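Asker: work.cif is reproduced below (mmCIF, C-alpha atoms).
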```cif
data_coords
#
loop_
_atom_site.label_atom_id
_atom_site.label_comp_id
_atom_site.auth_asym_id
_atom_site.auth_seq_id
_atom_site.Cartn_x
_atom_site.Cartn_y
_atom_site.Cartn_z
CA MET M 25 56.94 -81.48 -70.02
CA SER M 26 59.48 -80.48 -67.43
CA LEU M 27 62.82 -79.24 -68.73
CA ASP M 28 65.82 -79.07 -66.44
CA PRO M 29 66.40 -75.38 -65.51
CA SER M 30 70.06 -76.08 -64.76
CA PHE M 31 70.65 -75.96 -68.55
CA VAL M 32 70.25 -72.16 -68.60
CA GLY M 33 73.52 -70.54 -69.59
CA ARG M 34 74.97 -73.65 -71.17
CA THR M 35 76.95 -72.96 -74.35
CA TYR M 36 77.67 -75.78 -76.76
CA PRO M 37 80.85 -76.19 -78.81
CA PRO M 38 80.83 -74.42 -82.23
CA THR M 39 79.28 -76.50 -85.02
CA ALA M 40 81.09 -77.69 -88.14
CA PRO M 41 81.15 -74.98 -90.85
CA TYR M 42 78.14 -74.72 -93.18
CA GLN M 43 79.10 -73.70 -96.73
CA VAL M 44 76.46 -71.37 -98.20
CA GLY M 45 75.97 -72.29 -101.85
CA ARG M 46 74.61 -70.12 -104.67
CA GLU M 47 72.18 -72.80 -105.75
CA LYS M 48 70.88 -73.19 -102.19
CA ILE M 49 70.14 -69.47 -102.02
CA ARG M 50 68.40 -69.65 -105.41
CA GLU M 51 66.41 -72.72 -104.32
CA PHE M 52 65.34 -71.13 -101.03
CA ALA M 53 64.40 -67.83 -102.68
CA THR M 54 62.37 -69.69 -105.31
CA ALA M 55 60.59 -71.72 -102.61
CA ILE M 56 59.35 -68.52 -100.94
CA GLY M 57 58.66 -66.72 -104.22
CA ALA M 58 61.38 -64.11 -103.67
CA THR M 59 62.21 -62.80 -107.12
CA ASP M 60 64.61 -59.98 -106.25
CA PRO M 61 67.51 -60.36 -108.70
CA ALA M 62 70.09 -60.14 -105.88
CA HIS M 63 68.99 -63.63 -104.75
CA HIS M 64 69.44 -65.10 -108.22
CA ASP M 65 71.85 -63.04 -110.31
CA LEU M 66 75.48 -62.47 -109.36
CA GLU M 67 75.78 -59.11 -111.11
CA ALA M 68 72.67 -57.80 -109.35
CA ALA M 69 74.06 -58.83 -105.96
CA GLN M 70 77.43 -57.26 -106.71
CA ALA M 71 75.73 -54.06 -107.85
CA LEU M 72 74.45 -53.76 -104.25
CA GLY M 73 78.00 -54.11 -102.96
CA HIS M 74 77.89 -57.79 -101.97
CA PRO M 75 80.54 -60.31 -102.98
CA ASP M 76 77.97 -62.90 -104.09
CA LEU M 77 74.25 -63.79 -104.08
CA VAL M 78 72.32 -62.37 -101.12
CA ALA M 79 70.21 -64.78 -99.04
CA PRO M 80 66.65 -63.84 -98.01
CA PRO M 81 66.30 -62.72 -94.37
CA THR M 82 65.12 -66.05 -92.94
CA PHE M 83 67.70 -68.15 -94.83
CA PRO M 84 69.95 -68.48 -91.74
CA VAL M 85 67.34 -70.79 -90.19
CA ILE M 86 68.62 -73.54 -92.48
CA VAL M 87 71.95 -73.30 -90.72
CA THR M 88 70.67 -72.71 -87.18
CA MET M 89 67.99 -75.41 -87.33
CA ALA M 90 70.60 -78.00 -88.27
CA ALA M 91 72.85 -76.66 -85.51
CA SER M 92 70.04 -76.86 -82.94
CA ASN M 93 70.08 -80.66 -83.22
CA GLN M 94 72.99 -80.36 -80.84
CA ILE M 95 70.49 -79.23 -78.17
CA ILE M 96 67.42 -81.18 -79.26
CA GLU M 97 69.38 -84.42 -79.33
CA ASP M 98 71.25 -83.73 -76.10
CA PRO M 99 70.35 -86.87 -74.13
CA ALA M 100 70.83 -84.99 -70.88
CA LEU M 101 68.03 -82.56 -71.81
CA GLY M 102 65.71 -85.42 -72.78
CA MET M 103 63.38 -83.57 -75.15
CA ASP M 104 60.55 -85.32 -77.01
CA TYR M 105 60.89 -83.63 -80.41
CA SER M 106 57.56 -85.00 -81.69
CA ARG M 107 55.86 -82.70 -79.15
CA VAL M 108 57.82 -79.58 -80.12
CA VAL M 109 56.21 -76.52 -81.71
CA HIS M 110 57.91 -73.28 -82.67
CA GLY M 111 57.09 -70.34 -80.38
CA ASP M 112 59.17 -67.30 -81.28
CA GLN M 113 61.89 -66.57 -83.79
CA ARG M 114 64.10 -63.51 -84.12
CA PHE M 115 67.10 -62.51 -86.21
CA ALA M 116 69.49 -59.59 -85.60
CA TYR M 117 71.78 -59.15 -88.59
CA THR M 118 75.25 -57.68 -88.72
CA ARG M 119 75.09 -58.26 -92.46
CA PRO M 120 73.10 -60.51 -94.80
CA VAL M 121 74.27 -64.06 -95.47
CA VAL M 122 75.90 -64.30 -98.90
CA ALA M 123 76.94 -67.23 -101.07
CA GLY M 124 80.43 -68.41 -100.25
CA ASP M 125 80.04 -67.79 -96.52
CA GLU M 126 81.31 -70.57 -94.31
CA LEU M 127 79.17 -70.26 -91.20
CA VAL M 128 79.71 -71.60 -87.72
CA CYS M 129 76.99 -71.65 -85.05
CA THR M 130 77.48 -71.33 -81.32
CA ASN M 131 74.36 -72.32 -79.38
CA THR M 132 73.55 -71.04 -75.92
CA ILE M 133 70.51 -71.93 -73.84
CA GLU M 134 69.16 -68.59 -72.62
CA ASP M 135 66.04 -69.67 -70.79
CA VAL M 136 64.19 -72.77 -69.68
CA SER M 137 60.80 -72.79 -68.01
CA THR M 138 57.73 -74.93 -67.45
CA ARG M 139 54.24 -73.44 -67.38
CA GLY M 140 50.86 -75.12 -67.56
CA GLY M 141 52.46 -78.48 -68.20
CA HIS M 142 54.36 -77.19 -71.24
CA GLY M 143 58.14 -76.76 -71.44
CA PHE M 144 59.68 -73.60 -72.98
CA LEU M 145 63.24 -73.39 -74.23
CA THR M 146 64.88 -70.22 -75.57
CA THR M 147 68.13 -70.56 -77.47
CA ARG M 148 70.49 -67.98 -78.89
CA THR M 149 72.67 -68.96 -81.81
CA ASP M 150 75.57 -66.73 -82.75
CA VAL M 151 76.29 -67.25 -86.43
CA THR M 152 79.77 -66.17 -87.49
CA THR M 153 82.13 -66.90 -90.35
CA VAL M 154 84.89 -69.44 -89.78
CA GLY M 155 87.12 -66.38 -89.38
CA GLY M 156 84.99 -65.19 -86.46
CA GLU M 157 83.20 -62.32 -88.22
CA PRO M 158 79.69 -61.92 -86.76
CA VAL M 159 76.91 -62.34 -89.34
CA VAL M 160 73.61 -62.82 -87.52
CA ALA M 161 72.35 -63.62 -84.02
CA VAL M 162 69.30 -65.87 -83.96
CA TRP M 163 66.89 -66.42 -81.07
CA SER M 164 64.42 -69.27 -81.09
CA LYS M 165 61.83 -70.27 -78.53
CA ILE M 166 60.34 -73.73 -78.74
CA VAL M 167 57.45 -75.16 -76.80
CA VAL M 168 57.40 -78.81 -75.77
CA ARG M 169 53.70 -79.53 -75.44
CA GLY M 170 52.67 -81.45 -72.36
CA GLU M 171 50.61 -84.63 -72.56
CA ALA M 172 46.94 -83.67 -72.98
CA MET F 29 51.78 -44.86 -92.12
CA GLU F 30 50.27 -48.10 -93.47
CA LEU F 31 52.13 -50.05 -96.13
CA PRO F 32 50.18 -51.68 -98.96
CA ALA F 33 48.87 -55.10 -97.88
CA LYS F 34 50.11 -58.22 -99.63
CA THR F 35 48.41 -61.58 -100.04
CA PHE F 36 50.30 -64.86 -100.37
CA ARG F 37 48.58 -68.05 -101.50
CA VAL F 38 49.92 -71.19 -99.88
CA THR F 39 49.26 -74.70 -101.18
CA ARG F 40 50.55 -78.13 -100.20
CA ALA F 41 52.97 -77.95 -103.12
CA ASP F 42 54.49 -74.81 -101.58
CA LEU F 43 54.98 -76.65 -98.28
CA VAL F 44 56.72 -79.55 -100.01
CA ARG F 45 58.98 -77.14 -101.90
CA TYR F 46 59.77 -75.23 -98.71
CA ALA F 47 60.47 -78.46 -96.82
CA GLY F 48 63.06 -79.40 -99.43
CA ALA F 49 64.64 -75.96 -99.60
CA SER F 50 64.82 -75.48 -95.83
CA GLY F 51 65.56 -79.06 -94.77
CA ASP F 52 62.59 -79.08 -92.35
CA PHE F 53 60.91 -82.40 -93.13
CA ASN F 54 58.71 -82.56 -90.01
CA PRO F 55 55.72 -84.67 -91.23
CA ILE F 56 53.20 -82.24 -89.67
CA HIS F 57 53.92 -80.16 -92.79
CA TRP F 58 53.00 -82.86 -95.32
CA SER F 59 51.17 -85.78 -93.69
CA ASP F 60 47.52 -85.46 -92.59
CA ARG F 61 47.86 -88.79 -90.83
CA PHE F 62 50.79 -87.57 -88.75
CA ALA F 63 49.42 -84.05 -88.16
CA THR F 64 46.08 -85.26 -86.83
CA LYS F 65 47.78 -87.94 -84.73
CA VAL F 66 49.64 -85.23 -82.80
CA GLY F 67 46.43 -83.23 -82.29
CA LEU F 68 46.66 -80.66 -85.09
CA PRO F 69 43.60 -79.82 -87.20
CA GLY F 70 45.49 -80.92 -90.33
CA VAL F 71 48.71 -80.26 -92.21
CA ILE F 72 50.07 -76.87 -91.21
CA ALA F 73 52.53 -74.54 -92.90
CA HIS F 74 56.00 -74.31 -91.41
CA GLY F 75 56.02 -71.30 -89.09
CA MET F 76 59.31 -70.40 -90.74
CA PHE F 77 57.62 -70.49 -94.16
CA THR F 78 55.05 -67.95 -92.97
CA MET F 79 57.90 -65.92 -91.47
CA ALA F 80 59.78 -66.14 -94.78
CA LEU F 81 56.76 -64.88 -96.76
CA VAL F 82 56.38 -61.98 -94.35
CA GLY F 83 60.13 -61.35 -94.64
CA ARG F 84 59.68 -61.20 -98.40
CA ALA F 85 56.92 -58.62 -97.94
CA ILE F 86 59.24 -56.58 -95.72
CA THR F 87 62.14 -56.62 -98.20
CA GLU F 88 59.71 -55.74 -101.00
CA TRP F 89 58.38 -52.79 -98.99
CA ALA F 90 61.96 -51.76 -98.26
CA GLY F 91 62.76 -52.03 -101.98
CA SER F 92 65.97 -53.84 -101.14
CA PRO F 93 66.77 -57.51 -100.45
CA ASP F 94 69.44 -56.64 -97.87
CA ALA F 95 67.59 -53.95 -95.91
CA VAL F 96 66.47 -56.03 -92.93
CA VAL F 97 68.48 -55.30 -89.78
CA GLU F 98 66.27 -57.10 -87.27
CA TYR F 99 63.20 -59.28 -87.66
CA GLY F 100 61.23 -61.25 -85.08
CA VAL F 101 57.84 -62.91 -84.74
CA ARG F 102 55.77 -64.99 -82.35
CA PHE F 103 53.87 -67.90 -83.88
CA THR F 104 50.38 -67.68 -82.34
CA ARG F 105 48.21 -69.85 -84.54
CA PRO F 106 48.98 -72.54 -87.11
CA VAL F 107 48.24 -71.95 -90.81
CA VAL F 108 46.21 -74.98 -91.86
CA VAL F 109 46.74 -75.82 -95.53
CA PRO F 110 44.02 -77.99 -97.11
CA ASP F 111 44.94 -80.65 -99.66
CA ASP F 112 43.42 -78.94 -102.69
CA ASP F 113 44.55 -76.63 -105.47
CA GLN F 114 43.40 -73.49 -103.66
CA GLY F 115 45.24 -74.01 -100.39
CA THR F 116 44.87 -70.98 -98.18
CA GLU F 117 45.90 -67.33 -98.09
CA ILE F 118 48.09 -65.32 -95.75
CA GLU F 119 47.44 -61.56 -95.63
CA VAL F 120 50.33 -59.36 -94.59
CA SER F 121 50.15 -55.69 -93.68
CA ALA F 122 52.46 -53.34 -91.83
CA ARG F 123 52.57 -49.97 -90.20
CA VAL F 124 55.57 -47.73 -89.71
CA ARG F 125 56.08 -47.34 -85.97
CA GLU F 126 59.17 -45.19 -85.95
CA VAL F 127 61.77 -43.66 -88.22
CA THR F 128 65.07 -43.08 -86.45
CA GLU F 129 67.60 -40.35 -87.14
CA ASP F 130 70.18 -42.90 -88.25
CA GLY F 131 68.06 -44.09 -91.17
CA LEU F 132 66.25 -47.05 -89.62
CA THR F 133 62.53 -47.69 -89.95
CA ARG F 134 60.71 -49.87 -87.43
CA LEU F 135 57.65 -51.74 -88.67
CA ASP F 136 54.80 -53.44 -86.84
CA VAL F 137 53.66 -56.27 -89.06
CA THR F 138 50.39 -58.21 -89.06
CA ALA F 139 49.84 -61.60 -90.70
CA THR F 140 46.41 -63.20 -90.79
CA CYS F 141 44.87 -66.34 -92.27
CA LEU F 142 41.08 -66.62 -92.62
CA GLY F 143 40.81 -63.44 -90.56
CA GLU F 144 42.77 -64.83 -87.61
CA LYS F 145 46.15 -63.49 -86.57
CA VAL F 146 48.84 -66.14 -87.17
CA LEU F 147 51.81 -64.06 -85.98
CA SER F 148 51.93 -61.68 -83.06
CA GLN F 149 54.62 -59.23 -82.00
CA ALA F 150 55.86 -59.33 -85.58
CA ARG F 151 58.39 -56.54 -85.85
CA ALA F 152 61.10 -55.60 -88.25
CA THR F 153 63.75 -52.92 -88.44
CA ILE F 154 64.84 -51.98 -91.92
CA ARG F 155 67.57 -49.71 -93.22
CA THR F 156 66.02 -47.01 -95.33
CA THR F 157 69.19 -45.23 -96.39
CA ARG F 158 72.17 -46.90 -97.99
#
```
Written as structure tokens, how would this file's structure read?
Answerer:
Amino acid sequence: MSLDPSFVGRTYPPTAPYQVGREKIREFATAIGATDPAHHDLEAAQALGHPDLVAPPTFPVIVTMAASNQIIEDPALGMDYSRVVHGDQRFAYTRPVVAGDELVCTNTIEDVSTRGGHGFLTTRTDVTTVGGEPVVAVWSKIVVRGEA
Amino acid sequence: MELPAKTFRVTRADLVRYAGASGDFNPIHWSDRFATKVGLPGVIAHGMFTMALVGRAITEWAGSPDAVVEYGVRFTRPVVVPDDDQGTEIEVSARVREVTEDGLTRLDVTATCLGEKVLSQARATIRTTR
């Protein structure tokens, strides 16, 4: 699938704040079998110096995946999501996500290419608090598989 | 230095639980009918679920849930999860590549399923001093 290279460098408006809940962190940690008390027990998290429960490292994908709908559903880009597979994923943390965070995502398209009939799209999502404090930067590459 | 390998068993029930917790309800992670229709060998684990299990291994090696400073992977091969009680297994191992003067440890991580590498260029940087 051919993706329009003129989208490189485009930055989308910040998304509506995502409120990180304690129970969501507990649910996510349980789903991946992460038993560290800091994901489940407030006192354990605070003993490590955090204000509230600490999310596991890949938790921010919940927030960034929802935010990426802004790109995936951009009619101008014209992506067939049923043909999308995940290529690469990377997180660079300023600090862990903690319960009580209100997170805002700013999506930027870093790279677009087409090779061997497949489209490749690299996005960078800057995740900050509503107050503008950086929390984590997230890169994601998706592959839009060409028709066989 | 090699870190002790870890094995994670993954069943369909785990995929359903992860779908709910993460909000990723793509039917390739729960419907054989849909997965095979789009050319996959069967229902596959969410790449982000595999990445999360490896992330868990990394935080467990670090001995701290908040130690990860940077973490990235490339998804090279899908993890096919059969519809039975056994599911499949993901083996995770890691090697210390570098320890920096400012207390960071860089790891090269390997994740395999049925002997095949499912992640490549899996790397993490962890804080080893508080």
Asker: To test your reading of the syntax: which residues would the PyMOL selection byres ((chain M) within 9 of (chain F)) return for the file shown? Reply as an MDAnalysis selection string.
Answerer: chainID M and resid 48:49 51:58 60:63 72 78:83 85:86 89:90 106:107 110:120 163 165
Asker: Would you place a box with edges along x, y and z of the file around all atoms of region 103-118 of chain M listed there, add 4 Å to each of its six sides, and report the centre and edge lengths in Å to one decimal, as JSON?
Answerer:
```
{"center_x": 65.6, "center_y": -71.5, "center_z": -81.9, "size_x": 27.4, "size_y": 35.6, "size_z": 21.6}
```
Asker: Excluding same-chain residues fewer than 5 positions from Val87 (chain M), what lies within 9 Å of it counting all atoms listed in the file, as a PDB file with C-alpha atoms, in the frame of the given file?
Answerer:
```pdb
ATOM      1  CA  TYR M  42      78.140 -74.720 -93.180  1.00  0.00           C
ATOM      2  CA  VAL M  44      76.460 -71.370 -98.200  1.00  0.00           C
ATOM      3  CA  SER M  92      70.040 -76.860 -82.940  1.00  0.00           C
ATOM      4  CA  LEU M 127      79.170 -70.260 -91.200  1.00  0.00           C
ATOM      5  CA  VAL M 128      79.710 -71.600 -87.720  1.00  0.00           C
ATOM      6  CA  CYS M 129      76.990 -71.650 -85.050  1.00  0.00           C
ATOM      7  CA  VAL M 151      76.290 -67.250 -86.430  1.00  0.00           C
TER       8      VAL M 151
END
```
Asker: Please measure the separation of CA of Val160 (chain M) and CA of Val120 (chain F), giving the value in Å to one decimal.
Answerer: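 For CA of Val160 (chain M) relative to CA of Val120 (chain F), the distance reads 24.6 Å.
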Asker: Can you tell me which residues surround Thr149 (chain M) at a distance of at most 8 Å, considering only C-alpha atoms, apart from same-chain residues fewer than 6 positions away, and format the answer as an MDAnalysis selection string?
Answerer: chainID M and resid 88 129:132 161:163
